[in-house]
Every structure is written in structure tokens, then in C-alpha cells.
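Peer 1: Sending over coords-v6.pdb (PDB, C-alpha atoms, pLDDT in the B column).
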```pdb
MODEL        1
ATOM      1  CA  MET A   1      67.346 -40.188  52.768  1.00 50.00           C
ATOM      2  CA  GLN A   2      70.217 -37.931  53.877  1.00 52.00           C
ATOM      3  CA  ASP A   3      72.914 -36.592  51.608  1.00 51.00           C
ATOM      4  CA  PHE A   4      76.280 -37.428  53.192  1.00 51.00           C
ATOM      5  CA  THR A   5      78.401 -36.092  50.326  1.00 51.00           C
ATOM      6  CA  ASN A   6      78.466 -32.522  51.635  1.00 53.00           C
ATOM      7  CA  ASP A   7      79.363 -33.669  55.136  1.00 55.00           C
ATOM      8  CA  SER A   8      82.210 -35.944  53.998  1.00 57.00           C
ATOM      9  CA  SER A   9      83.659 -33.374  51.582  1.00 62.00           C
ATOM     10  CA  GLY A  10      83.603 -30.752  54.342  1.00 64.00           C
ATOM     11  CA  HIS A  11      85.371 -33.214  56.641  1.00 70.00           C
ATOM     12  CA  GLN A  12      87.955 -34.005  53.939  1.00 74.00           C
ATOM     13  CA  SER A  13      88.631 -30.327  53.289  1.00 87.00           C
ATOM     14  CA  THR A  14      89.122 -29.739  57.031  1.00 90.00           C
ATOM     15  CA  ILE A  15      91.612 -32.598  57.216  1.00 91.00           C
ATOM     16  CA  SER A  16      93.448 -31.481  54.072  1.00 91.00           C
ATOM     17  CA  LEU A  17      93.552 -27.914  55.410  1.00 92.00           C
ATOM     18  CA  ALA A  18      95.005 -29.156  58.699  1.00 91.00           C
ATOM     19  CA  PHE A  19      97.696 -31.148  56.840  1.00 92.00           C
ATOM     20  CA  LEU A  20      98.435 -28.119  54.652  1.00 93.00           C
ATOM     21  CA  ARG A  21      98.931 -25.906  57.721  1.00 95.00           C
ATOM     22  CA  LEU A  22     101.079 -28.546  59.379  1.00 95.00           C
ATOM     23  CA  SER A  23     103.277 -28.907  56.292  1.00 95.00           C
ATOM     24  CA  GLN A  24     103.615 -25.122  56.038  1.00 95.00           C
ATOM     25  CA  LYS A  25     104.730 -24.905  59.678  1.00 96.00           C
ATOM     26  CA  LEU A  26     107.236 -27.703  59.124  1.00 94.00           C
ATOM     27  CA  GLN A  27     108.583 -25.967  56.022  1.00 95.00           C
ATOM     28  CA  LYS A  28     108.884 -22.671  57.936  1.00 96.00           C
ATOM     29  CA  PHE A  29     110.791 -24.454  60.708  1.00 95.00           C
ATOM     30  CA  LEU A  30     113.133 -26.088  58.180  1.00 94.00           C
ATOM     31  CA  ASP A  31     113.678 -22.737  56.440  1.00 95.00           C
ATOM     32  CA  ASP A  32     114.503 -21.112  59.782  1.00 95.00           C
ATOM     33  CA  ILE A  33     117.113 -23.719  60.800  1.00 95.00           C
ATOM     34  CA  THR A  34     118.810 -24.040  57.409  1.00 94.00           C
ATOM     35  CA  PRO A  35     121.654 -21.553  58.132  1.00 95.00           C
ATOM     36  CA  PHE A  36     122.598 -23.270  61.414  1.00 96.00           C
ATOM     37  CA  ARG A  37     124.602 -26.179  59.986  1.00 95.00           C
ATOM     38  CA  THR A  38     126.602 -27.031  63.118  1.00 96.00           C
ATOM     39  CA  ALA A  39     123.568 -26.963  65.399  1.00 96.00           C
ATOM     40  CA  ARG A  40     121.580 -29.118  62.959  1.00 97.00           C
ATOM     41  CA  TRP A  41     124.305 -31.770  62.810  1.00 97.00           C
ATOM     42  CA  ILE A  42     124.771 -31.754  66.578  1.00 97.00           C
ATOM     43  CA  ALA A  43     121.026 -32.373  66.931  1.00 97.00           C
ATOM     44  CA  ALA A  44     121.217 -35.172  64.343  1.00 97.00           C
ATOM     45  CA  PHE A  45     124.092 -36.859  66.203  1.00 98.00           C
ATOM     46  CA  VAL A  46     122.180 -36.550  69.473  1.00 98.00           C
ATOM     47  CA  ILE A  47     119.150 -38.238  67.878  1.00 98.00           C
ATOM     48  CA  VAL A  48     121.331 -41.042  66.479  1.00 97.00           C
ATOM     49  CA  PHE A  49     123.031 -41.399  69.880  1.00 98.00           C
ATOM     50  CA  LEU A  50     119.637 -41.639  71.623  1.00 97.00           C
ATOM     51  CA  PHE A  51     118.597 -44.312  69.111  1.00 97.00           C
ATOM     52  CA  MET A  52     121.768 -46.294  69.821  1.00 97.00           C
ATOM     53  CA  ILE A  53     121.224 -45.998  73.600  1.00 97.00           C
ATOM     54  CA  ARG A  54     117.660 -47.274  73.111  1.00 96.00           C
ATOM     55  CA  ILE A  55     118.895 -50.252  71.073  1.00 95.00           C
ATOM     56  CA  ILE A  56     121.566 -51.093  73.663  1.00 95.00           C
ATOM     57  CA  MET A  57     119.102 -50.808  76.561  1.00 95.00           C
ATOM     58  CA  LEU A  58     116.397 -52.902  74.859  1.00 94.00           C
ATOM     59  CA  GLN A  59     118.825 -55.499  73.445  1.00 93.00           C
ATOM     60  CA  GLY A  60     116.828 -55.881  70.245  1.00 92.00           C
ATOM     61  CA  TRP A  61     115.714 -54.363  66.951  1.00 94.00           C
ATOM     62  CA  TYR A  62     119.058 -55.157  65.320  1.00 95.00           C
ATOM     63  CA  ILE A  63     117.510 -55.485  61.857  1.00 94.00           C
ATOM     64  CA  ILE A  64     116.188 -51.912  62.106  1.00 95.00           C
ATOM     65  CA  THR A  65     119.611 -50.746  63.270  1.00 95.00           C
ATOM     66  CA  TYR A  66     121.286 -52.558  60.372  1.00 95.00           C
ATOM     67  CA  ALA A  67     118.819 -51.115  57.842  1.00 96.00           C
ATOM     68  CA  LEU A  68     119.364 -47.630  59.295  1.00 97.00           C
ATOM     69  CA  GLY A  69     123.140 -48.054  59.033  1.00 96.00           C
ATOM     70  CA  ILE A  70     122.908 -49.163  55.393  1.00 96.00           C
ATOM     71  CA  TYR A  71     120.595 -46.244  54.601  1.00 97.00           C
ATOM     72  CA  HIS A  72     122.955 -43.750  56.271  1.00 97.00           C
ATOM     73  CA  LEU A  73     125.871 -45.278  54.335  1.00 95.00           C
ATOM     74  CA  ASN A  74     123.981 -44.803  51.056  1.00 95.00           C
ATOM     75  CA  LEU A  75     123.207 -41.197  51.998  1.00 96.00           C
ATOM     76  CA  PHE A  76     126.865 -40.576  52.830  1.00 94.00           C
ATOM     77  CA  ILE A  77     128.027 -42.028  49.499  1.00 92.00           C
ATOM     78  CA  ALA A  78     125.515 -39.823  47.647  1.00 91.00           C
ATOM     79  CA  PHE A  79     126.813 -36.849  49.655  1.00 91.00           C
ATOM     80  CA  LEU A  80     130.407 -37.591  48.572  1.00 88.00           C
ATOM     81  CA  THR A  81     129.567 -38.236  44.920  1.00 87.00           C
ATOM     82  CA  PRO A  82     129.424 -35.445  42.327  1.00 85.00           C
ATOM     83  CA  LYS A  83     126.046 -34.695  40.774  1.00 83.00           C
ATOM     84  CA  ILE A  84     127.435 -35.393  37.323  1.00 78.00           C
ATOM     85  CA  ASP A  85     129.432 -38.592  37.638  1.00 70.00           C
ATOM     86  CA  PRO A  86     132.627 -38.437  35.534  1.00 70.00           C
ATOM     87  CA  ALA A  87     132.564 -42.243  35.127  1.00 68.00           C
ATOM     88  CA  MET A  88     129.195 -42.080  33.371  1.00 69.00           C
ATOM     89  CA  GLU A  89     130.286 -39.137  31.249  1.00 63.00           C
ATOM     90  CA  GLU A  90     132.678 -41.375  29.315  1.00 60.00           C
ATOM     91  CA  TYR A  91     129.690 -43.281  27.934  1.00 61.00           C
ATOM     92  CA  GLU A  92     127.502 -40.270  27.150  1.00 58.00           C
ATOM     93  CA  ASP A  93     127.764 -37.798  24.301  1.00 52.00           C
ATOM     94  CA  ASP A  94     126.306 -34.987  26.435  1.00 54.00           C
ATOM     95  CA  SER A  95     128.689 -32.047  26.647  1.00 57.00           C
ATOM     96  CA  GLY A  96     127.341 -30.642  29.934  1.00 57.00           C
ATOM     97  CA  PRO A  97     129.446 -29.442  32.864  1.00 58.00           C
ATOM     98  CA  SER A  98     131.983 -31.867  34.295  1.00 57.00           C
ATOM     99  CA  LEU A  99     134.831 -32.042  36.775  1.00 57.00           C
ATOM    100  CA  PRO A 100     138.298 -31.199  35.447  1.00 59.00           C
ATOM    101  CA  THR A 101     140.493 -34.271  34.954  1.00 59.00           C
ATOM    102  CA  ARG A 102     143.751 -32.512  34.024  1.00 62.00           C
ATOM    103  CA  ALA A 103     145.640 -29.655  35.659  1.00 61.00           C
ATOM    104  CA  ASN A 104     145.244 -27.358  32.657  1.00 61.00           C
ATOM    105  CA  GLU A 105     141.434 -27.648  32.561  1.00 60.00           C
ATOM    106  CA  GLU A 106     139.172 -24.956  33.947  1.00 59.00           C
ATOM    107  CA  PHE A 107     138.084 -25.271  37.597  1.00 57.00           C
ATOM    108  CA  ARG A 108     134.461 -26.265  38.061  1.00 63.00           C
ATOM    109  CA  PRO A 109     132.876 -26.239  41.504  1.00 68.00           C
ATOM    110  CA  PHE A 110     131.961 -29.519  43.159  1.00 72.00           C
ATOM    111  CA  ILE A 111     128.198 -30.023  43.098  1.00 78.00           C
ATOM    112  CA  ARG A 112     126.995 -32.883  45.258  1.00 83.00           C
ATOM    113  CA  ARG A 113     124.495 -35.515  44.184  1.00 87.00           C
ATOM    114  CA  LEU A 114     122.876 -35.132  47.631  1.00 90.00           C
ATOM    115  CA  PRO A 115     123.110 -31.594  49.077  1.00 92.00           C
ATOM    116  CA  GLU A 116     124.118 -31.181  52.709  1.00 93.00           C
ATOM    117  CA  PHE A 117     120.686 -30.069  53.930  1.00 95.00           C
ATOM    118  CA  LYS A 118     118.892 -32.991  52.264  1.00 96.00           C
ATOM    119  CA  PHE A 119     121.526 -35.319  53.713  1.00 96.00           C
ATOM    120  CA  TRP A 120     120.889 -33.955  57.216  1.00 96.00           C
ATOM    121  CA  TYR A 121     117.108 -34.028  56.786  1.00 97.00           C
ATOM    122  CA  SER A 122     117.151 -37.631  55.549  1.00 97.00           C
ATOM    123  CA  VAL A 123     119.368 -38.709  58.468  1.00 97.00           C
ATOM    124  CA  VAL A 124     117.023 -37.101  60.995  1.00 97.00           C
ATOM    125  CA  LYS A 125     113.838 -38.465  59.393  1.00 97.00           C
ATOM    126  CA  SER A 126     115.191 -42.000  59.074  1.00 98.00           C
ATOM    127  CA  THR A 127     116.515 -42.035  62.638  1.00 98.00           C
ATOM    128  CA  LEU A 128     113.212 -40.755  64.043  1.00 98.00           C
ATOM    129  CA  LEU A 129     111.353 -43.404  62.029  1.00 97.00           C
ATOM    130  CA  SER A 130     113.703 -46.063  63.395  1.00 97.00           C
ATOM    131  CA  ILE A 131     113.078 -44.871  66.955  1.00 97.00           C
ATOM    132  CA  PHE A 132     109.339 -45.062  66.277  1.00 97.00           C
ATOM    133  CA  LEU A 133     109.651 -48.619  64.925  1.00 96.00           C
ATOM    134  CA  THR A 134     111.400 -49.761  68.109  1.00 96.00           C
ATOM    135  CA  PHE A 135     108.102 -49.321  69.964  1.00 96.00           C
ATOM    136  CA  PHE A 136     106.603 -52.275  68.068  1.00 95.00           C
ATOM    137  CA  GLN A 137     107.551 -55.840  68.945  1.00 95.00           C
ATOM    138  CA  LEU A 138     106.713 -56.903  65.376  1.00 94.00           C
ATOM    139  CA  PHE A 139     109.968 -55.351  64.130  1.00 93.00           C
ATOM    140  CA  ASP A 140     112.147 -57.091  66.724  1.00 93.00           C
ATOM    141  CA  VAL A 141     113.258 -59.945  64.493  1.00 92.00           C
ATOM    142  CA  PRO A 142     115.618 -62.317  66.317  1.00 91.00           C
ATOM    143  CA  VAL A 143     119.015 -62.322  64.602  1.00 91.00           C
ATOM    144  CA  PHE A 144     122.598 -62.985  65.625  1.00 92.00           C
ATOM    145  CA  TRP A 145     123.729 -59.360  65.753  1.00 91.00           C
ATOM    146  CA  PRO A 146     127.542 -59.886  65.534  1.00 93.00           C
ATOM    147  CA  ILE A 147     127.105 -61.184  61.983  1.00 94.00           C
ATOM    148  CA  LEU A 148     125.191 -58.012  61.062  1.00 93.00           C
ATOM    149  CA  VAL A 149     127.917 -55.844  62.597  1.00 94.00           C
ATOM    150  CA  LEU A 150     130.646 -57.753  60.754  1.00 96.00           C
ATOM    151  CA  TYR A 151     128.746 -57.601  57.472  1.00 94.00           C
ATOM    152  CA  PHE A 152     128.156 -53.849  57.899  1.00 94.00           C
ATOM    153  CA  ILE A 153     131.852 -53.224  58.599  1.00 96.00           C
ATOM    154  CA  ILE A 154     132.865 -55.216  55.509  1.00 96.00           C
ATOM    155  CA  LEU A 155     130.277 -53.417  53.384  1.00 95.00           C
ATOM    156  CA  PHE A 156     131.405 -50.033  54.730  1.00 95.00           C
ATOM    157  CA  CYS A 157     135.080 -50.750  53.976  1.00 96.00           C
ATOM    158  CA  ILE A 158     134.405 -52.018  50.451  1.00 96.00           C
ATOM    159  CA  THR A 159     132.075 -49.122  49.635  1.00 94.00           C
ATOM    160  CA  MET A 160     134.413 -46.456  51.007  1.00 92.00           C
ATOM    161  CA  LYS A 161     137.399 -48.000  49.218  1.00 94.00           C
ATOM    162  CA  ARG A 162     135.473 -47.850  45.942  1.00 93.00           C
ATOM    163  CA  GLN A 163     134.444 -44.241  46.622  1.00 91.00           C
ATOM    164  CA  ILE A 164     137.997 -43.158  47.501  1.00 89.00           C
ATOM    165  CA  MET A 165     139.336 -44.844  44.358  1.00 90.00           C
ATOM    166  CA  HIS A 166     136.684 -42.992  42.334  1.00 85.00           C
ATOM    167  CA  MET A 167     137.772 -39.707  43.953  1.00 84.00           C
ATOM    168  CA  ILE A 168     141.424 -40.407  43.150  1.00 84.00           C
ATOM    169  CA  ARG A 169     140.736 -41.502  39.574  1.00 84.00           C
ATOM    170  CA  TYR A 170     138.641 -38.443  38.687  1.00 79.00           C
ATOM    171  CA  ARG A 171     140.584 -36.021  40.939  1.00 77.00           C
ATOM    172  CA  TYR A 172     137.866 -34.431  42.985  1.00 77.00           C
ATOM    173  CA  LEU A 173     137.661 -33.521  46.643  1.00 74.00           C
ATOM    174  CA  PRO A 174     134.149 -33.235  48.097  1.00 73.00           C
ATOM    175  CA  PHE A 175     135.259 -31.089  51.044  1.00 71.00           C
ATOM    176  CA  THR A 176     136.252 -27.436  50.888  1.00 64.00           C
ATOM    177  CA  HIS A 177     138.334 -27.012  54.044  1.00 60.00           C
ATOM    178  CA  SER A 178     141.650 -27.913  52.389  1.00 54.00           C
ATOM    179  CA  LYS A 179     141.154 -26.357  48.963  1.00 51.00           C
ATOM    180  CA  PRO A 180     143.308 -23.310  48.199  1.00 56.00           C
ATOM    181  CA  LYS A 181     141.699 -19.927  48.832  1.00 58.00           C
ATOM    182  CA  TYR A 182     142.843 -16.904  46.885  1.00 57.00           C
ATOM    183  CA  GLN A 183     142.882 -13.383  48.298  1.00 60.00           C
ATOM    184  CA  GLY A 184     141.331 -10.656  46.248  1.00 57.00           C
ATOM    185  CA  HIS A 185     142.497  -7.090  45.760  1.00 54.00           C
ATOM    186  CA  ASP A 186     141.159  -4.008  47.472  1.00 53.00           C
ATOM    187  CA  GLU A 187     138.458  -2.257  45.430  1.00 57.00           C
ATOM    188  CA  SER A 188     140.681   0.794  45.027  1.00 56.00           C
ATOM    189  CA  GLY A 189     143.181  -1.254  43.064  1.00 54.00           C
ATOM    190  CA  LYS A 190     145.904  -0.991  45.698  1.00 57.00           C
ATOM    191  CA  VAL A 191     147.756  -4.093  46.703  1.00 54.00           C
ATOM    192  CA  ILE A 192     147.240  -4.893  50.378  1.00 56.00           C
ATOM    193  CA  ARG A 193     150.524  -5.595  52.162  1.00 54.00           C
ATOM    194  CA  ALA A 194     150.916  -7.377  55.452  1.00 53.00           C
ATOM    195  CA  LYS A 195     152.730  -5.378  58.151  1.00 51.00           C
TER     196      LYS A 195
ENDMDL
END
```
When written as C-alpha cells, how does the structure in this file appear?

Peer 2:
Amino acid sequence: MQDFTNDSSGHQSTISLAFLRLSQKLQKFLDDITPFRTARWIAAFVIVFLFMIRIIMLQGWYIITYALGIYHLNLFIAFLTPKIDPAMEEYEDDSGPSLPTRANEEFRPFIRRLPEFKFWYSVVKSTLLSIFLTFFQLFDVPVFWPILVLYFIILFCITMKRQIMHMIRYRYLPFTHSKPKYQGHDESGKVIRAK
């Protein structure tokens, strides 16, 4: 009688080692592309565009497209929402960091619930998974797609209206391009004057 335990454990360790190396290479790649925000988002939009072209050419897989749209909407809302929600803070006794609600309060930086890199990574992964699913006829559920489009538009408008009202009520802006930037002084203590 042969002992197969050594052979199967050796096979399992080889497979786990291969997955470990693959995950390390993926992590190295992600670490290398992290600083290139614009290039990452251009690549993500290209992948989403290719998915949309595939859906239009195949005339199917509308349920997958709808699910992908809802998932991307949820990611976007999490990206716009502060990590510590001021609405929930009213009900908690926790005195942790919060967004200022009055002009005389101290400025606190906006920390997102979903950081930009995780947002990008989730968009890319979900879109690639959706492209993969379009290769299987099982996921091509027949539906009347205009109803899905109309329902998505209504859901998008209602969700964004609620998010914008939340931003107005608690006075936060999740983007930094229009926030005031203050100039510092020269290290020598001299005031720098424009000529």
C-alpha cells in the first residue's frame, strides 16, 4: 500500500508557492503603478469602454452591465463619502475626529471612506470580471434593456441628489482642486514679493 500523503502535500505546497509568487508579483505591479494616477484612470476608462463596445456588439449581457453600473455607483458614493460620517456622529458619543460644521471650527482634512487607489482597483477588477462573464451564455439573461437603463438613471439621480444634500448639510467638499491654498514664507523669514 502506497502512502499518498507526502505526494499530495508536496503538490499542495507547490501550488500554494505558485499562488504566493503570483500574488507577490501582482502586489509589486500595483505598488509600481500607484503614483501614476492619471495613467491608471485612463487605463480603467479604456477597459470600461472596451466592455461597453463588447456589450453593444454582442447585443446581450444587460444584467451584467446593470450590475456593474450599480457596483460602480456604490464605489463612487463610497469615494465621495467621508470615512467618519457626520450624520452618524450625532447618534454616537464617540469624540473622535470629525468634519467641521461651523466656520469657526478647526479645519480637518477630508478622509474618504474608499481611498482613490482602492476605488480604481475595484473598478478595474469588476470590469475585468464582467468582461470575463460575457464569454458565458449562461449569464446572458433576456431582459428588456431600456427598463434597466431607465431604472439606473433614476437610481443614479436619486442617489447623487442624496449625496449632494449630505455634502451641503455637513459642509464638506470631497475634491481638492477648488479648496484655497495658502502660500508659505521663505525659510529665511523674508516675505516673498511678486515683481

Peer 1: Using all atoms listed in the file for the distances, tell me which of A:Ile56, A:Ile15, A:Ile63, A:Val48 is nearest to Val141 in chain A.

Peer 2: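 Result for the nearest residue to Val141 in chain A: A:Ile63.
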
Peer 1: Pick from A:Thr134, A:Ile84, A:Phe45, A:Phe175: nearest to Met57 in chain A, with only C-alpha atoms counted?

Peer 2: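 Closest to Met57 in chain A of all the choices is A:Thr134.
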
Peer 1: Suppose a student applies the PyMOL selection byres ((chain A and resi 111-116) around 9) to this structure; what residues should they get, written as a PDB file with C-alpha atoms, in the frame of the given file?

Peer 2:
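Wrote result-v7.pdb, looks like this:
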```
ATOM      1  CA  ARG A  37     124.602 -26.179  59.986  1.00 95.00           C
ATOM      2  CA  LEU A  75     123.207 -41.197  51.998  1.00 96.00           C
ATOM      3  CA  PHE A  76     126.865 -40.576  52.830  1.00 94.00           C
ATOM      4  CA  ILE A  77     128.027 -42.028  49.499  1.00 92.00           C
ATOM      5  CA  ALA A  78     125.515 -39.823  47.647  1.00 91.00           C
ATOM      6  CA  PHE A  79     126.813 -36.849  49.655  1.00 91.00           C
ATOM      7  CA  LEU A  80     130.407 -37.591  48.572  1.00 88.00           C
ATOM      8  CA  THR A  81     129.567 -38.236  44.920  1.00 87.00           C
ATOM      9  CA  PRO A  82     129.424 -35.445  42.327  1.00 85.00           C
ATOM     10  CA  LYS A  83     126.046 -34.695  40.774  1.00 83.00           C
ATOM     11  CA  ILE A  84     127.435 -35.393  37.323  1.00 78.00           C
ATOM     12  CA  ASP A  85     129.432 -38.592  37.638  1.00 70.00           C
ATOM     13  CA  ARG A 108     134.461 -26.265  38.061  1.00 63.00           C
ATOM     14  CA  PRO A 109     132.876 -26.239  41.504  1.00 68.00           C
ATOM     15  CA  PHE A 110     131.961 -29.519  43.159  1.00 72.00           C
ATOM     16  CA  PHE A 117     120.686 -30.069  53.930  1.00 95.00           C
ATOM     17  CA  LYS A 118     118.892 -32.991  52.264  1.00 96.00           C
ATOM     18  CA  PHE A 119     121.526 -35.319  53.713  1.00 96.00           C
ATOM     19  CA  TRP A 120     120.889 -33.955  57.216  1.00 96.00           C
ATOM     20  CA  TYR A 121     117.108 -34.028  56.786  1.00 97.00           C
ATOM     21  CA  PRO A 174     134.149 -33.235  48.097  1.00 73.00           C
TER      22      PRO A 174
END
```

Peer 1: In Å to one decimal, how far is CA of Thr34 in chain A from CA of Leu133 in chain A?

Peer 2: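 Between these atoms lies a distance of 27.3 Å.
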
Peer 1: If you measure from CA of Ser126 in chain A to CA of His72 in chain A, what distance in Å do you get, rounded to one decimal?

Peer 2: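 The value is 8.4 Å.
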
Peer 1: Quick check, in Å to one decimal: how far apart do CA of Ile53 in chain A and CA of Tyr151 in chain A lie?

Peer 2: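 Result for CA of Ile53 in chain A versus CA of Tyr151 in chain A: 21.2 Å, one decimal.
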
Peer 1: Residues near His166 in chain A, anyone? I mean within 10 Å using all atoms listed in the file, not counting same-chain ones fewer than 4 positions away, as number ranges by chain.

Peer 2: A: 81, 85-87, 160-162, 170-172

Peer 1: When you count all atoms listed in the file, which of these residues is closest to Leu155 in chain A: A:Ala44, A:Leu73, A:Met52, A:Leu22?

Peer 2: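 Looking only at the distances to Leu155 in chain A, the closest residue turns out to be A:Leu73.
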
Peer 1: Rank nothing, just name the residue among A:Leu30, A:Val149, A:Ile131, A:Leu68 nearest to Arg54 in chain A, using only C-alpha atoms.

Peer 2: A:Ile131
